[in-house]
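Below: the structure, in structure tokens.
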Amino acid sequence: MDDQFDNGKAGNLTIKDVARALNVSTATVSRAISGKGRIGEDTVRRVKEYIREHNYVPNAIAQSLADQRTYNIGFICPSPQEVGAQYFYYGCMAGIYEALTDTPYDVLIIPDGDRVDGRLERALEKRKIDGAIVSQALVENHAESRLREAGVPFVVVGSLPDKTICQVDHDHRAACAELTRRLLTGGRRLALMGGDLSQYVTQDRLHGFLSACREAGVQEREDLLYLGLDGSEQTRAALEKALVAGAACLVCMDDRICGMVLSQLHHRGLRIPQDIQVASYYDSALLESYTPAITALRFDAQKLGAVACRMLLDQMEGRKAEAVETVGYDIALRASTPATE
């Protein structure tokens, strides 16, 4: 396909013009640009210097055919409903786009929440992606095995027991334990409002909560642990039980659950922090701007996405990549949990 780069742009300059100026074949110029095939280093240098001097840009589609790449990175995420309900995914995608600046890669969003429509399978069968970023670390996540079988490099945003899989995450156990220790000062009775244990992040946050309680000598009580909350009705029932159990502070595992808890408290006419205190293991603009502002752990989803993308690019380009990366966190102590004596 000697003319495969003829649609390159630099005025009317084509690959044939480059070949004619350097007295080489169009196939030689094509190989020098794509890096494929046997060609001398001096010839590669001459071609690249010429196209750089003349601002020649190869056609992206033709170049992808030449080096057998799609220049697409798959962002594998839950269902659109879940993505729309959580700010985390928007931040993560923003970080990915940031890391792809000045690269030829684009992002292909692949919802794979319930695996019913088989979008990931179609993307792999049709070779639509060169690599992937998996946005969730699930106990039963088949995306990793399918990507491995297809030979597609990938990075997981989250913590997995298998440390041979490239992954990037915050230290949720340490972060949640630190915030819980601060909330336990003054003898606060805490109730944990949690999500789905099929996610490793939920397990890590639960571990951090329980470890801090044990360190403080607080006895674990089942009537103050509410897990698997996945809707307003479940949250309402859990809140009623927590109030009956004498909870002074509701600790929510993420901003979505916290939003449901705040809605239920408002419906009941309960004031924060006068009647009940609230904290979250994940911050968002909603919690920061709420009146009063909600105490929360601040994780940088955008940085997670950017680090995951750079790790993936290292894999794809044959550079050495760390298998596990950890990103830091901050604690925002706000008016929803005033200091106790």
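Here's how to read the names in the structure tokens: chain A, B, ... by the order shown, residue numbers from 1 in each chain, ligand numbers from 1 in the order shown.
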
What residues in region 38-249 of chain A get the DSSP label helix (DSSP H, G or I)? Please answer as a VMD selection string.
-> chain A and resid 41 to 53 60 to 66 80 to 85 87 to 99 119 to 125 143 to 150 172 to 187 200 to 215 222 to 224 232 to 244

How about saving the chosen residues, C-alpha atoms kept, as a short mmCIF file (atom, residue, chain, number, x, y, z; two decimals), in the first residue's frame?
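The resulting file, out18.cif, is reproduced below:
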data_model
loop_
_atom_site.label_atom_id
_atom_site.label_comp_id
_atom_site.auth_asym_id
_atom_site.auth_seq_id
_atom_site.Cartn_x
_atom_site.Cartn_y
_atom_site.Cartn_z
CA GLU A 41 18.60 4.34 10.31
CA ASP A 42 20.09 7.02 8.06
CA THR A 43 17.10 6.77 5.70
CA VAL A 44 14.65 6.97 8.61
CA ARG A 45 16.44 10.06 9.87
CA ARG A 46 16.37 11.74 6.43
CA VAL A 47 12.65 11.04 5.99
CA LYS A 48 11.70 12.27 9.45
CA GLU A 49 13.82 15.42 9.10
CA TYR A 50 12.24 16.21 5.75
CA ILE A 51 8.64 15.75 6.90
CA ARG A 52 9.37 17.74 10.06
CA GLU A 53 10.87 20.62 8.07
CA ALA A 60 -4.18 9.15 10.89
CA ILE A 61 -6.45 6.48 9.43
CA ALA A 62 -3.88 5.39 6.90
CA GLN A 63 -1.13 5.35 9.52
CA SER A 64 -3.25 3.18 11.81
CA LEU A 65 -3.65 0.68 8.97
CA ALA A 66 0.10 0.71 8.38
CA PRO A 80 -24.71 4.63 31.92
CA GLN A 81 -27.07 5.01 34.90
CA GLU A 82 -24.25 4.30 37.38
CA VAL A 83 -21.82 6.58 35.56
CA GLY A 84 -24.35 9.41 35.55
CA ALA A 85 -24.95 9.04 39.30
CA TYR A 87 -18.86 12.12 39.85
CA PHE A 88 -15.92 9.71 40.11
CA TYR A 89 -16.26 8.48 36.53
CA TYR A 90 -16.32 12.00 35.08
CA GLY A 91 -13.15 12.87 36.98
CA CYS A 92 -11.46 9.67 35.89
CA MET A 93 -12.31 10.31 32.23
CA ALA A 94 -11.04 13.89 32.50
CA GLY A 95 -7.70 12.53 33.72
CA ILE A 96 -7.52 10.07 30.83
CA TYR A 97 -8.14 12.81 28.27
CA GLU A 98 -5.52 14.95 30.00
CA ALA A 99 -2.92 12.17 29.71
CA ARG A 119 -20.20 -4.29 23.87
CA LEU A 120 -16.80 -5.28 25.23
CA GLU A 121 -16.94 -8.59 23.34
CA ARG A 122 -17.76 -6.78 20.10
CA ALA A 123 -14.96 -4.28 20.64
CA LEU A 124 -12.48 -7.11 21.18
CA GLU A 125 -13.75 -9.26 18.31
CA ALA A 143 -13.41 -7.76 31.92
CA GLU A 144 -9.87 -8.54 33.06
CA SER A 145 -10.01 -12.16 31.90
CA ARG A 146 -11.53 -11.20 28.55
CA LEU A 147 -8.87 -8.55 27.96
CA ARG A 148 -6.13 -11.01 28.89
CA GLU A 149 -7.52 -13.67 26.54
CA ALA A 150 -7.62 -11.11 23.72
CA HIS A 172 -8.79 3.35 51.04
CA ARG A 173 -8.12 1.25 54.13
CA ALA A 174 -5.68 3.75 55.61
CA ALA A 175 -7.77 6.76 54.60
CA CYS A 176 -11.03 5.43 56.04
CA ALA A 177 -9.32 4.31 59.22
CA GLU A 178 -7.79 7.77 59.71
CA LEU A 179 -11.08 9.61 59.22
CA THR A 180 -12.92 7.12 61.45
CA ARG A 181 -10.39 7.62 64.26
CA ARG A 182 -11.02 11.36 64.12
CA LEU A 183 -14.79 10.88 64.16
CA LEU A 184 -14.59 8.57 67.17
CA THR A 185 -13.05 11.28 69.36
CA GLY A 186 -15.43 12.54 72.00
CA GLY A 187 -17.25 9.22 72.15
CA TYR A 200 -13.22 -4.32 46.43
CA VAL A 201 -13.34 -0.62 47.35
CA THR A 202 -16.36 -1.30 49.59
CA GLN A 203 -14.49 -4.11 51.30
CA ASP A 204 -11.42 -1.91 51.81
CA ARG A 205 -13.47 0.93 53.27
CA LEU A 206 -15.29 -1.46 55.61
CA HIS A 207 -11.94 -2.87 56.74
CA GLY A 208 -10.66 0.65 57.49
CA PHE A 209 -13.78 1.51 59.48
CA LEU A 210 -13.69 -1.68 61.56
CA SER A 211 -9.95 -1.53 62.23
CA ALA A 212 -10.26 2.03 63.59
CA CYS A 213 -13.18 0.99 65.81
CA ARG A 214 -11.20 -1.94 67.22
CA GLU A 215 -8.17 0.28 67.88
CA GLU A 222 -24.52 -5.16 63.75
CA ASP A 223 -27.28 -2.62 64.36
CA LEU A 224 -24.81 0.13 63.40
CA SER A 232 -33.71 5.46 48.59
CA GLU A 233 -36.03 2.90 50.20
CA GLN A 234 -33.15 0.80 51.55
CA THR A 235 -31.45 3.97 52.76
CA ARG A 236 -34.63 5.16 54.51
CA ALA A 237 -35.00 1.83 56.34
CA ALA A 238 -31.31 1.83 57.36
CA LEU A 239 -31.55 5.42 58.60
CA GLU A 240 -34.53 4.59 60.80
CA LYS A 241 -32.64 1.70 62.40
CA ALA A 242 -29.52 3.81 62.90
CA LEU A 243 -31.49 6.52 64.69
CA VAL A 244 -33.19 3.96 66.93
#

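In this structure, CA of Tyr290 (chain A) sits 26.0 Å away from CA of Asp171 (chain A).
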
Skipping near chain neighbours, those fewer than 4 positions away, what residues fall within 7 Å of Leu227 (chain A) using only C-alpha atoms, listed as a JSON list (two decimals) with C-alpha atoms, in the first residue's frame?
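Result file is result_30.json:
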[["chain", "number", "residue", "atom", "x", "y", "z"],
["A", 193, "MET", "CA", -23.97, 3.33, 55.63],
["A", 194, "GLY", "CA", -22.35, 1.16, 52.95],
["A", 195, "GLY", "CA", -22.71, -0.11, 49.43],
["A", 196, "ASP", "CA", -22.17, -3.27, 47.43]]

Where in region 40-240 of chain A does DSSP assign strand (DSSP E or B), given as number ranges by chain?
-> A: 57, 72-77, 106-111, 131-134, 138, 154-157, 167-170, 190-193, 199, 225-226

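Relative to CA of Leu250 (chain A), CA of Arg221 (chain A) is found at 14.1 Å.
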
If we count only C-alpha atoms, what is near Ile110 (chain A) at a cut-off of 9 Å, once residues fewer than 2 positions away on the same chain are taken out, given as a ChimeraX atom specification?
-> /A:74-78,108,112,119-120,123
